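Here is the structure we will look at.
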Amino acid sequence: AVYEFDKTLVVIGRVPSCDVTINDKGSVQNIANLKQGDQIILTDLSTNGTYIKDNKIGKGVEVELKNNAEFWLLPSSKAKPTEALGFRF
């Protein structure tokens with residue numbers, strides 16, 4: 001799926017109020033925030049971890065996403081290929 005947003009804060013999670021909704025009962029309510037402006041900042045809100053290139057970034061950590069950056073809520077190295085869940089910017 002392709003998502004386009006014209007807002008400065010995008011919330012990814014499993015509750016209906018999130019901008020991107022993940023249907024995974026094992027996930028926390030809010031998984032990550034994306035702040036858009038001069039740069040795109042990813043904030044990990046999950047307890048299971050958010051990954052960049054198979055490296056867990058850690059809850060509460062903010063990371064700047066560069067052009068064509070990918071981050072994973074469930075990286076392919078830790079899941080079956082059909083369960084991997086990632087995003088590219």
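Just remember, in the structure tokens the first chain shown is A, the second B, etc., residues are 1-based per chain, and ligands are 1-based in the order shown.
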Give me, as a tab-separated table, each residue of region 3-43 of chain A that comes within 10 Å of region 52-59 of chain A, together with its shortest interatomic pair and the distance in Å at one decimal, counting only C-alpha atoms, with rows ordered by chain and rising residue number.
residue	atom	partner	partner_atom	distance
A:Ile31	CA	A:Lys59	CA	9.4
A:Ala32	CA	A:Lys59	CA	9.2
A:Leu42	CA	A:Ile57	CA	9.8
A:Thr43	CA	A:Lys59	CA	7.7
Could you take the residues named above and write them with N, CA, C and O atoms, as a compact mmCIF listing (two decimals), in the first residue's frame?
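The result, stored in selection-v8.txt:
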# COMPACT_ATOMS: atom_id res chain seq x y z
N ILE A 31 2.73 2.46 17.63
CA ILE A 31 4.01 1.82 17.35
C ILE A 31 5.10 2.84 17.05
O ILE A 31 6.21 2.73 17.54
N ALA A 32 4.78 3.83 16.23
CA ALA A 32 5.79 4.80 15.84
C ALA A 32 5.13 6.11 15.42
O ALA A 32 3.99 6.12 14.98
N LEU A 42 11.65 9.56 12.78
CA LEU A 42 10.92 8.40 13.27
C LEU A 42 11.16 8.27 14.76
O LEU A 42 12.30 8.31 15.22
N THR A 43 10.09 8.14 15.54
CA THR A 43 10.19 7.89 16.97
C THR A 43 9.58 6.53 17.27
O THR A 43 8.41 6.28 16.95
Practice item. Using DSSP on the backbone coordinates, identify all residues within chain A classified as strand (DSSP E or B); present the result as a PyMOL selection string. Key: chain A and resi 9-13+20-21+30-36+40-44+51-52+55-56+62-65+70-74+85-88
Check your understanding: What gap, in Å, lies between CA of Val20 (chain A) and CA of Tyr3 (chain A)?
Key -> 8.1 Å
Check your understanding: When you draw a straight line from CA of Asp44 (chain A) to CA of Lys78 (chain A), how long is it in Å?
Key ->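 Atom-to-atom, CA of Asp44 (chain A) and CA of Lys78 (chain A) are spaced 17.6 Å apart.
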Practice item. Name the closest residue to Leu85 (chain A) among the candidates A:Leu65, A:Leu45, A:Cys18, A:Ile12; distances are taken between atoms, counting only C-alpha atoms. Key: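 Answer, going by the shortest atom-to-atom distance: A:Ile12.
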Point to revise | Neighbour list for Gly37 (chain A) as a PyMOL selection string, cut-off 12 Å, only C-alpha atoms, skip fewer than 3 positions in-chain | key: chain A and resi 5-10+34+40-42+64-65
